[in-house]
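Undergrad: Below you will find the structure I want to go over with you.
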Amino acid sequence: MTGKPRASAARLSLAVLLLTGVAACGDPQEYTVPSKACDRDVSKDELGALLPSGAELSDEPWVSDNSFSCQIYVDGLTQLAFTEHSGQRKFDVSADAKSGRLGGFDRLRASDVSDNAVVSHTRSVVMAPCPKAGRNYILDLELPNAEGDHSDAIERFVRSYLPTGLAAMGC
(Lines give C-alpha, C1' and ligand atoms only; values in the text may rest on other atoms or scores of the structure.)
Protein backbone atom coordinates (compact mmCIF):
# COMPACT_ATOMS: atom_id res chain seq x y z
CA MET A 1 0.00 0.00 0.00
CA THR A 2 2.94 2.32 0.29
CA GLY A 3 3.31 2.37 -3.52
CA LYS A 4 0.02 4.17 -4.19
CA PRO A 5 0.50 7.13 -1.86
CA ARG A 6 4.03 7.60 -3.20
CA ALA A 7 2.76 7.51 -6.78
CA SER A 8 0.00 10.00 -5.94
CA ALA A 9 2.49 12.26 -4.18
CA ALA A 10 4.84 12.02 -7.17
CA ARG A 11 2.00 12.90 -9.58
CA LEU A 12 0.96 15.82 -7.38
CA SER A 13 4.55 17.08 -7.25
CA LEU A 14 4.84 16.74 -11.02
CA ALA A 15 1.56 18.63 -11.53
CA VAL A 16 2.72 21.45 -9.22
CA LEU A 17 6.05 21.66 -11.07
CA LEU A 18 4.31 21.77 -14.46
CA LEU A 19 1.89 24.46 -13.33
CA THR A 20 4.73 26.50 -11.84
CA GLY A 21 6.67 26.18 -15.10
CA VAL A 22 3.67 27.27 -17.16
CA ALA A 23 3.11 30.28 -14.92
CA ALA A 24 6.78 31.24 -15.17
CA CYS A 25 6.66 30.96 -18.97
CA GLY A 26 3.40 32.89 -19.32
CA ASP A 27 2.92 36.04 -21.35
CA PRO A 28 5.73 38.54 -21.00
CA GLN A 29 4.96 41.78 -19.23
CA GLU A 30 2.78 43.76 -21.58
CA TYR A 31 3.44 47.37 -22.54
CA THR A 32 0.63 49.88 -22.22
CA VAL A 33 -0.82 50.93 -25.56
CA PRO A 34 -0.51 54.72 -25.69
CA SER A 35 -3.06 57.29 -26.83
CA LYS A 36 -0.27 59.06 -28.75
CA ALA A 37 2.14 57.71 -31.36
CA CYS A 38 5.02 59.98 -32.34
CA ASP A 39 3.20 62.81 -30.51
CA ARG A 40 0.04 62.33 -32.59
CA ASP A 41 -3.30 61.39 -31.03
CA VAL A 42 -4.37 57.85 -31.88
CA SER A 43 -7.12 55.48 -30.78
CA LYS A 44 -5.59 53.13 -28.19
CA ASP A 45 -7.99 50.37 -29.21
CA GLU A 46 -7.30 50.67 -32.93
CA LEU A 47 -3.52 50.97 -32.44
CA GLY A 48 -3.49 48.03 -30.02
CA ALA A 49 -5.28 45.86 -32.59
CA LEU A 50 -2.35 46.34 -35.00
CA LEU A 51 0.48 45.57 -32.57
CA PRO A 52 1.73 42.23 -31.26
CA SER A 53 2.29 41.51 -27.59
CA GLY A 54 5.64 42.32 -26.07
CA ALA A 55 7.43 43.90 -23.17
CA GLU A 56 8.42 47.29 -24.57
CA LEU A 57 6.88 49.73 -27.02
CA SER A 58 8.68 52.76 -28.46
CA ASP A 59 8.21 55.13 -31.37
CA GLU A 60 10.37 57.31 -33.56
CA PRO A 61 9.05 60.29 -35.56
CA TRP A 62 10.67 61.95 -38.55
CA VAL A 63 9.47 65.34 -39.80
CA SER A 64 10.18 67.46 -42.87
CA ASP A 65 8.34 70.37 -44.55
CA ASN A 66 5.67 68.33 -46.33
CA SER A 67 5.96 64.90 -44.75
CA PHE A 68 5.83 63.10 -41.42
CA SER A 69 6.84 59.53 -40.63
CA CYS A 70 6.33 57.41 -37.54
CA GLN A 71 7.86 54.04 -36.78
CA ILE A 72 6.46 52.04 -33.87
CA TYR A 73 8.61 49.31 -32.35
CA VAL A 74 7.69 46.41 -30.09
CA ASP A 75 10.70 44.91 -28.36
CA GLY A 76 12.99 46.72 -30.81
CA LEU A 77 11.34 45.41 -34.01
CA THR A 78 9.38 47.75 -36.32
CA GLN A 79 5.75 46.65 -36.19
CA LEU A 80 3.95 49.65 -37.67
CA ALA A 81 5.19 52.43 -39.91
CA PHE A 82 3.25 55.26 -41.46
CA THR A 83 4.20 58.21 -43.59
CA GLU A 84 2.07 61.25 -44.40
CA HIS A 85 2.57 63.75 -47.20
CA SER A 86 0.74 66.97 -47.98
CA GLY A 87 0.81 69.04 -51.17
CA GLN A 88 0.75 65.97 -53.40
CA ARG A 89 -0.58 65.85 -56.94
CA LYS A 90 -3.70 63.75 -57.43
CA PHE A 91 -3.27 60.26 -58.88
CA ASP A 92 -5.31 57.06 -58.93
CA VAL A 93 -4.07 55.17 -55.86
CA SER A 94 -5.63 51.88 -56.97
CA ALA A 95 -4.15 52.01 -60.48
CA ASP A 96 -0.70 52.97 -59.18
CA ALA A 97 -0.83 50.24 -56.53
CA LYS A 98 -1.86 47.59 -59.07
CA SER A 99 0.92 48.66 -61.44
CA GLY A 100 3.54 48.36 -58.69
CA ARG A 101 4.41 52.07 -58.61
CA LEU A 102 3.55 52.19 -54.92
CA GLY A 103 5.51 49.08 -53.96
CA GLY A 104 4.19 45.71 -52.86
CA PHE A 105 0.74 44.80 -51.62
CA ASP A 106 -0.54 41.40 -50.49
CA ARG A 107 -4.14 40.86 -51.67
CA LEU A 108 -4.89 44.42 -52.69
CA ARG A 109 -8.46 45.74 -52.63
CA ALA A 110 -10.24 49.09 -52.70
CA SER A 111 -10.86 50.67 -49.31
CA ASP A 112 -13.89 52.73 -48.36
CA VAL A 113 -11.81 54.95 -46.06
CA SER A 114 -11.80 57.50 -48.88
CA ASP A 115 -12.78 57.49 -52.55
CA ASN A 116 -9.08 57.10 -53.48
CA ALA A 117 -7.69 54.40 -51.16
CA VAL A 118 -6.48 50.82 -51.13
CA VAL A 119 -5.80 48.28 -48.40
CA SER A 120 -4.11 44.90 -48.33
CA HIS A 121 -3.36 42.36 -45.62
CA THR A 122 -0.52 44.48 -44.20
CA ARG A 123 -0.63 47.87 -45.92
CA SER A 124 -2.89 50.80 -46.85
CA VAL A 125 -2.47 53.92 -48.97
CA VAL A 126 -5.08 56.67 -48.69
CA MET A 127 -5.36 59.95 -50.59
CA ALA A 128 -7.65 62.72 -49.39
CA PRO A 129 -8.11 66.36 -50.42
CA CYS A 130 -5.98 68.88 -48.54
CA PRO A 131 -7.45 72.25 -49.56
CA LYS A 132 -5.77 74.37 -46.84
CA ALA A 133 -2.26 73.17 -47.72
CA GLY A 134 -3.12 72.77 -51.41
CA ARG A 135 -3.41 69.64 -53.45
CA ASN A 136 -3.73 66.30 -51.59
CA TYR A 137 -2.82 64.41 -48.45
CA ILE A 138 -1.44 60.86 -48.55
CA LEU A 139 -1.24 58.36 -45.70
CA ASP A 140 0.85 55.24 -46.35
CA LEU A 141 0.67 52.71 -43.49
CA GLU A 142 2.45 49.37 -43.30
CA LEU A 143 2.83 46.48 -40.86
CA PRO A 144 6.27 45.30 -42.03
CA ASN A 145 6.57 42.26 -39.76
CA ALA A 146 2.96 41.09 -39.57
CA GLU A 147 1.60 37.87 -40.99
CA GLY A 148 -1.99 37.16 -41.92
CA ASP A 149 -4.83 39.44 -42.91
CA HIS A 150 -4.94 42.69 -40.93
CA SER A 151 -6.87 44.68 -43.54
CA ASP A 152 -9.97 45.26 -41.39
CA ALA A 153 -7.90 46.42 -38.39
CA ILE A 154 -5.83 48.66 -40.68
CA GLU A 155 -8.98 50.28 -42.07
CA ARG A 156 -10.36 50.87 -38.56
CA PHE A 157 -7.07 52.50 -37.49
CA VAL A 158 -6.85 54.65 -40.64
CA ARG A 159 -10.48 55.76 -40.27
CA SER A 160 -9.87 56.82 -36.66
CA TYR A 161 -6.51 58.46 -37.40
CA LEU A 162 -7.33 60.31 -40.65
CA PRO A 163 -8.83 63.45 -39.02
CA THR A 164 -5.74 63.77 -36.78
CA GLY A 165 -3.35 63.30 -39.69
CA LEU A 166 -5.17 65.75 -41.94
CA ALA A 167 -5.21 68.41 -39.21
CA ALA A 168 -1.56 67.86 -38.28
CA MET A 169 -0.50 68.22 -41.92
CA GLY A 170 -2.40 71.52 -42.23
CA CYS A 171 -5.33 70.20 -44.24
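By convention here, the chains of the C-alpha coordinates are called A, B, ... in the order presented, each chain's residues are numbered starting at 1, and ligands are numbered starting at 1 in the order presented.
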Can you pull out every residue from chain A that DSSP, working from the backbone, puts in helix (DSSP H, G or I), and format the result as a PyMOL selection string?
TA: chain A and resi 3-24+44-50+93-99+151-168
Undergrad: Keeping N, CA and C atoms, export the residues of the selection given above as a short mmCIF file (atom, residue, chain, number, x, y, z; two decimals), in the first residue's frame.
TA:
data_model
loop_
_atom_site.label_atom_id
_atom_site.label_comp_id
_atom_site.auth_asym_id
_atom_site.auth_seq_id
_atom_site.Cartn_x
_atom_site.Cartn_y
_atom_site.Cartn_z
N GLY A 3 3.05 1.98 -2.14
CA GLY A 3 3.31 2.37 -3.52
C GLY A 3 2.32 3.39 -4.03
N LYS A 4 1.04 3.24 -3.69
CA LYS A 4 0.02 4.17 -4.19
C LYS A 4 0.16 5.57 -3.62
N PRO A 5 0.33 5.76 -2.36
CA PRO A 5 0.50 7.13 -1.86
C PRO A 5 1.75 7.78 -2.44
N ARG A 6 2.83 7.02 -2.62
CA ARG A 6 4.03 7.60 -3.20
C ARG A 6 3.79 8.01 -4.66
N ALA A 7 3.06 7.18 -5.39
CA ALA A 7 2.76 7.51 -6.78
C ALA A 7 1.86 8.74 -6.85
N SER A 8 0.89 8.83 -5.96
CA SER A 8 0.00 10.00 -5.94
C SER A 8 0.78 11.25 -5.56
N ALA A 9 1.68 11.13 -4.59
CA ALA A 9 2.49 12.26 -4.18
C ALA A 9 3.41 12.68 -5.33
N ALA A 10 3.95 11.71 -6.04
CA ALA A 10 4.84 12.02 -7.17
C ALA A 10 4.05 12.73 -8.28
N ARG A 11 2.83 12.25 -8.56
CA ARG A 11 2.00 12.90 -9.58
C ARG A 11 1.64 14.32 -9.16
N LEU A 12 1.30 14.50 -7.89
CA LEU A 12 0.96 15.82 -7.38
C LEU A 12 2.16 16.76 -7.49
N SER A 13 3.34 16.26 -7.14
CA SER A 13 4.55 17.08 -7.25
C SER A 13 4.81 17.45 -8.70
N LEU A 14 4.63 16.49 -9.59
CA LEU A 14 4.84 16.74 -11.02
C LEU A 14 3.84 17.78 -11.52
N ALA A 15 2.58 17.67 -11.11
CA ALA A 15 1.56 18.63 -11.53
C ALA A 15 1.89 20.03 -11.03
N VAL A 16 2.35 20.14 -9.78
CA VAL A 16 2.72 21.45 -9.22
C VAL A 16 3.89 22.03 -10.00
N LEU A 17 4.90 21.19 -10.30
CA LEU A 17 6.05 21.66 -11.07
C LEU A 17 5.64 22.13 -12.45
N LEU A 18 4.77 21.38 -13.12
CA LEU A 18 4.31 21.77 -14.46
C LEU A 18 3.54 23.08 -14.41
N LEU A 19 2.65 23.22 -13.45
CA LEU A 19 1.89 24.46 -13.33
C LEU A 19 2.80 25.65 -13.01
N THR A 20 3.79 25.43 -12.17
CA THR A 20 4.73 26.50 -11.84
C THR A 20 5.51 26.89 -13.08
N GLY A 21 5.93 25.90 -13.86
CA GLY A 21 6.67 26.18 -15.10
C GLY A 21 5.83 26.94 -16.10
N VAL A 22 4.56 26.58 -16.23
CA VAL A 22 3.67 27.27 -17.16
C VAL A 22 3.47 28.71 -16.71
N ALA A 23 3.29 28.92 -15.42
CA ALA A 23 3.11 30.28 -14.92
C ALA A 23 4.37 31.11 -15.15
N ALA A 24 5.53 30.50 -14.97
CA ALA A 24 6.78 31.24 -15.17
C ALA A 24 7.01 31.57 -16.64
N LYS A 44 -6.32 54.22 -28.85
CA LYS A 44 -5.59 53.13 -28.19
C LYS A 44 -6.10 51.77 -28.67
N ASP A 45 -7.41 51.65 -28.80
CA ASP A 45 -7.99 50.37 -29.21
C ASP A 45 -7.56 49.99 -30.62
N GLU A 46 -7.64 50.96 -31.53
CA GLU A 46 -7.30 50.67 -32.93
C GLU A 46 -5.80 50.43 -33.09
N LEU A 47 -4.97 51.19 -32.38
CA LEU A 47 -3.52 50.97 -32.44
C LEU A 47 -3.18 49.61 -31.84
N GLY A 48 -3.76 49.31 -30.68
CA GLY A 48 -3.49 48.03 -30.02
C GLY A 48 -3.84 46.83 -30.88
N ALA A 49 -4.87 46.97 -31.70
CA ALA A 49 -5.28 45.86 -32.59
C ALA A 49 -4.24 45.57 -33.67
N LEU A 50 -3.36 46.52 -33.95
CA LEU A 50 -2.35 46.34 -35.00
C LEU A 50 -1.00 45.86 -34.46
N VAL A 93 -4.80 56.03 -56.79
CA VAL A 93 -4.07 55.17 -55.86
C VAL A 93 -4.21 53.70 -56.26
N SER A 94 -5.41 53.27 -56.60
CA SER A 94 -5.63 51.88 -56.97
C SER A 94 -4.83 51.49 -58.21
N ALA A 95 -4.89 52.32 -59.24
CA ALA A 95 -4.15 52.01 -60.48
C ALA A 95 -2.65 51.98 -60.23
N ASP A 96 -2.13 52.94 -59.46
CA ASP A 96 -0.70 52.97 -59.18
C ASP A 96 -0.27 51.79 -58.30
N ALA A 97 -1.14 51.39 -57.38
CA ALA A 97 -0.83 50.24 -56.53
C ALA A 97 -0.82 48.95 -57.35
N LYS A 98 -1.80 48.79 -58.23
CA LYS A 98 -1.86 47.59 -59.07
C LYS A 98 -0.69 47.50 -60.03
N SER A 99 -0.20 48.65 -60.49
CA SER A 99 0.92 48.66 -61.44
C SER A 99 2.26 48.45 -60.75
N SER A 151 -6.26 43.59 -42.77
CA SER A 151 -6.87 44.68 -43.54
C SER A 151 -8.02 45.37 -42.79
N ASP A 152 -8.86 44.63 -42.11
CA ASP A 152 -9.97 45.26 -41.39
C ASP A 152 -9.46 46.14 -40.24
N ALA A 153 -8.48 45.64 -39.50
CA ALA A 153 -7.90 46.42 -38.39
C ALA A 153 -7.16 47.65 -38.93
N ILE A 154 -6.51 47.51 -40.06
CA ILE A 154 -5.83 48.66 -40.68
C ILE A 154 -6.85 49.72 -41.05
N GLU A 155 -7.94 49.31 -41.69
CA GLU A 155 -8.98 50.28 -42.07
C GLU A 155 -9.58 50.99 -40.86
N ARG A 156 -9.82 50.24 -39.77
CA ARG A 156 -10.36 50.87 -38.56
C ARG A 156 -9.37 51.90 -38.00
N PHE A 157 -8.07 51.56 -37.98
CA PHE A 157 -7.07 52.50 -37.49
C PHE A 157 -7.02 53.73 -38.39
N VAL A 158 -6.95 53.52 -39.70
CA VAL A 158 -6.85 54.65 -40.64
C VAL A 158 -8.07 55.55 -40.51
N ARG A 159 -9.25 54.97 -40.42
CA ARG A 159 -10.48 55.76 -40.27
C ARG A 159 -10.42 56.63 -39.01
N SER A 160 -9.93 56.06 -37.92
CA SER A 160 -9.87 56.82 -36.66
C SER A 160 -8.74 57.85 -36.68
N TYR A 161 -7.67 57.57 -37.40
CA TYR A 161 -6.51 58.46 -37.40
C TYR A 161 -6.60 59.58 -38.45
N LEU A 162 -7.30 59.36 -39.52
CA LEU A 162 -7.33 60.31 -40.65
C LEU A 162 -7.62 61.76 -40.24
N PRO A 163 -8.61 62.05 -39.42
CA PRO A 163 -8.83 63.45 -39.02
C PRO A 163 -7.61 64.07 -38.32
N THR A 164 -6.94 63.29 -37.48
CA THR A 164 -5.74 63.77 -36.78
C THR A 164 -4.63 64.05 -37.79
N GLY A 165 -4.40 63.12 -38.70
CA GLY A 165 -3.35 63.30 -39.69
C GLY A 165 -3.60 64.49 -40.61
N LEU A 166 -4.83 64.62 -41.07
CA LEU A 166 -5.17 65.75 -41.94
C LEU A 166 -4.93 67.08 -41.22
N ALA A 167 -5.38 67.17 -39.97
CA ALA A 167 -5.21 68.41 -39.21
C ALA A 167 -3.73 68.70 -38.95
N ALA A 168 -2.98 67.67 -38.58
CA ALA A 168 -1.56 67.86 -38.28
C ALA A 168 -0.76 68.28 -39.50
#
Undergrad: When DSSP is applied to the backbone of this structure, which of chain A are assigned strand (DSSP E)? Write them out as a ChimeraX atom specification.
TA: /A:36-37,40-41,57-63,67-74,77-88,109-110,117-119,123-129,136-142
Undergrad: Given only C-alpha atoms as the basis, pick out the residue of A:Leu102, A:Val113, A:Cys171, A:Leu108 nearest to Lys132 of chain A.
TA: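 That would be A:Cys171, the residue with the smallest distance to Lys132 of chain A.
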Undergrad: Restricting the calculation to only C-alpha atoms: of A:Ser58, A:Ser114, A:Asn145, A:Ser124, which residue gets closest to Cys38 of chain A?
TA: A:Ser58
Undergrad: Using atom CA of Asp149 of chain A and atom CA of Ala81 of chain A as the two end points, give the distance in Å to one decimal.
TA: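 Taking atom CA of Asp149 of chain A as the start and atom CA of Ala81 of chain A as the end point, the length is 16.7 Å.
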